[in-house]
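Please read the structure below before turning to the comments.
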Amino acid sequence: MSVVVTAVVHPRPGLLEEALATYARHIDAVHAEPGCELYALHTDGASIVIIEKWASQADLDAHATGEVMAQLGPELNALRDRPADVAVLEPRPAGSDAGGKGAL
């Protein structure tokens, strides 16, 4: 079963663009990781919201402990105001279009 993750990253004031650039340097490598179905960045102008979808919990675990995060994590830690707010979610499709609009 797939796994959806939301992560809200809180860069220190004035460092949003630098944090986005840090993600940009690594995002192609994340997209190439086994099981990565979605890894998309969004912002509200102060925080970065990452929406992720992994084919399995094992793929997410490999991402979390893999080479890309070993590089990206310390770079982001230097820019963050506080730890990210992370939620790991199990998709619960609903509605008549459960494979499309009803689930990520």
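In the structure tokens, chains take the letters A, B, ... in the order shown, each chain's residues start at 1, and ligands count up from 1 in the order shown.
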Just list as number ranges by chain whatever in chain A DSSP marks as alpha helix (DSSP H). A: 16-31, 57-65, 67-77
Which residues are near A:Val3? Cut-off 9 Å, only C-alpha atoms, ignore same chain within fewer than 4 positions. Put them as a PyMOL selection string. chain A and resi 52-57+60+88-91
For the residues in that selection, give me all heavy atoms as an mmCIF file, in the first residue's frame.
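Result file follows (result_36.cif):
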```cif
data_model
loop_
_atom_site.group_PDB
_atom_site.id
_atom_site.type_symbol
_atom_site.label_atom_id
_atom_site.label_comp_id
_atom_site.auth_asym_id
_atom_site.auth_seq_id
_atom_site.Cartn_x
_atom_site.Cartn_y
_atom_site.Cartn_z
ATOM 1 N N GLU A 52 4.513 14.158 -0.522
ATOM 2 C CA GLU A 52 5.239 12.994 -1.028
ATOM 3 C C GLU A 52 4.279 11.812 -1.129
ATOM 4 O O GLU A 52 3.362 11.687 -0.324
ATOM 5 C CB GLU A 52 6.360 12.586 -0.070
ATOM 6 C CG GLU A 52 7.301 13.694 0.314
ATOM 7 C CD GLU A 52 8.314 13.267 1.349
ATOM 8 O OE1 GLU A 52 8.788 12.106 1.315
ATOM 9 O OE2 GLU A 52 8.637 14.095 2.219
ATOM 10 N N LYS A 53 4.544 10.951 -2.092
ATOM 11 C CA LYS A 53 3.829 9.678 -2.171
ATOM 12 C C LYS A 53 4.855 8.620 -2.532
ATOM 13 O O LYS A 53 5.593 8.756 -3.514
ATOM 14 C CB LYS A 53 2.717 9.711 -3.207
ATOM 15 C CG LYS A 53 1.876 8.437 -3.211
ATOM 16 C CD LYS A 53 0.704 8.551 -4.157
ATOM 17 C CE LYS A 53 -0.153 7.300 -4.101
ATOM 18 N NZ LYS A 53 -1.239 7.377 -5.102
ATOM 19 N N TRP A 54 4.901 7.590 -1.707
ATOM 20 C CA TRP A 54 5.843 6.487 -1.879
ATOM 21 C C TRP A 54 5.066 5.210 -2.107
ATOM 22 O O TRP A 54 3.987 5.007 -1.526
ATOM 23 C CB TRP A 54 6.746 6.381 -0.642
ATOM 24 C CG TRP A 54 7.581 7.612 -0.506
ATOM 25 C CD1 TRP A 54 7.264 8.748 0.183
ATOM 26 C CD2 TRP A 54 8.834 7.857 -1.130
ATOM 27 N NE1 TRP A 54 8.255 9.685 0.025
ATOM 28 C CE2 TRP A 54 9.242 9.169 -0.772
ATOM 29 C CE3 TRP A 54 9.673 7.114 -1.949
ATOM 30 C CZ2 TRP A 54 10.432 9.731 -1.206
ATOM 31 C CZ3 TRP A 54 10.860 7.668 -2.384
ATOM 32 C CH2 TRP A 54 11.231 8.958 -2.018
ATOM 33 N N ALA A 55 5.597 4.329 -2.936
ATOM 34 C CA ALA A 55 4.918 3.081 -3.284
ATOM 35 C C ALA A 55 4.704 2.190 -2.071
ATOM 36 O O ALA A 55 3.728 1.433 -2.025
ATOM 37 C CB ALA A 55 5.699 2.341 -4.363
ATOM 38 N N SER A 56 5.593 2.296 -1.079
ATOM 39 C CA SER A 56 5.472 1.452 0.111
ATOM 40 C C SER A 56 6.185 2.110 1.286
ATOM 41 O O SER A 56 7.007 3.023 1.104
ATOM 42 C CB SER A 56 6.095 0.078 -0.138
ATOM 43 O OG SER A 56 7.508 0.194 -0.250
ATOM 44 N N GLN A 57 5.904 1.612 2.470
ATOM 45 C CA GLN A 57 6.603 2.079 3.663
ATOM 46 C C GLN A 57 8.095 1.776 3.557
ATOM 47 O O GLN A 57 8.933 2.580 3.984
ATOM 48 C CB GLN A 57 6.021 1.442 4.922
ATOM 49 C CG GLN A 57 6.644 1.939 6.215
ATOM 50 C CD GLN A 57 6.382 3.412 6.469
ATOM 51 O OE1 GLN A 57 5.237 3.869 6.398
ATOM 52 N NE2 GLN A 57 7.426 4.175 6.777
ATOM 53 N N LEU A 60 9.703 4.494 1.554
ATOM 54 C CA LEU A 60 9.831 5.709 2.370
ATOM 55 C C LEU A 60 10.970 5.560 3.370
ATOM 56 O O LEU A 60 11.775 6.484 3.543
ATOM 57 C CB LEU A 60 8.520 6.010 3.096
ATOM 58 C CG LEU A 60 8.568 7.158 4.106
ATOM 59 C CD1 LEU A 60 8.994 8.473 3.462
ATOM 60 C CD2 LEU A 60 7.223 7.291 4.807
ATOM 61 N N VAL A 88 2.908 11.159 8.369
ATOM 62 C CA VAL A 88 2.924 10.001 7.480
ATOM 63 C C VAL A 88 1.503 9.449 7.468
ATOM 64 O O VAL A 88 0.957 9.094 8.516
ATOM 65 C CB VAL A 88 3.938 8.937 7.960
ATOM 66 C CG1 VAL A 88 3.914 7.722 7.045
ATOM 67 C CG2 VAL A 88 5.343 9.543 8.028
ATOM 68 N N LEU A 89 0.925 9.389 6.276
ATOM 69 C CA LEU A 89 -0.495 9.113 6.143
ATOM 70 C C LEU A 89 -0.759 7.884 5.285
ATOM 71 O O LEU A 89 -0.036 7.618 4.321
ATOM 72 C CB LEU A 89 -1.192 10.315 5.492
ATOM 73 C CG LEU A 89 -0.901 11.669 6.141
ATOM 74 C CD1 LEU A 89 -1.353 12.786 5.236
ATOM 75 C CD2 LEU A 89 -1.548 11.755 7.499
ATOM 76 N N GLU A 90 -1.797 7.187 5.625
ATOM 77 C CA GLU A 90 -2.278 6.062 4.818
ATOM 78 C C GLU A 90 -3.432 6.574 3.965
ATOM 79 O O GLU A 90 -4.410 7.105 4.503
ATOM 80 C CB GLU A 90 -2.767 4.952 5.739
ATOM 81 C CG GLU A 90 -3.374 3.787 5.019
ATOM 82 C CD GLU A 90 -3.925 2.761 5.997
ATOM 83 O OE1 GLU A 90 -3.249 2.447 6.987
ATOM 84 O OE2 GLU A 90 -5.058 2.289 5.754
ATOM 85 N N PRO A 91 -3.346 6.469 2.639
ATOM 86 C CA PRO A 91 -4.448 6.934 1.797
ATOM 87 C C PRO A 91 -5.746 6.201 2.121
ATOM 88 O O PRO A 91 -5.744 4.988 2.354
ATOM 89 C CB PRO A 91 -3.981 6.601 0.373
ATOM 90 C CG PRO A 91 -2.498 6.513 0.466
ATOM 91 C CD PRO A 91 -2.218 5.977 1.846
#
```
Check stretch 17-74 of chain A with DSSP on the backbone and list each residue it calls strand (DSSP E), as a VMD selection string. chain A and resid 36 to 43 48 to 54
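The two atoms in question, atom CA of A:Ala19 and atom CA of A:Gln71, are spaced 13.5 Å apart.
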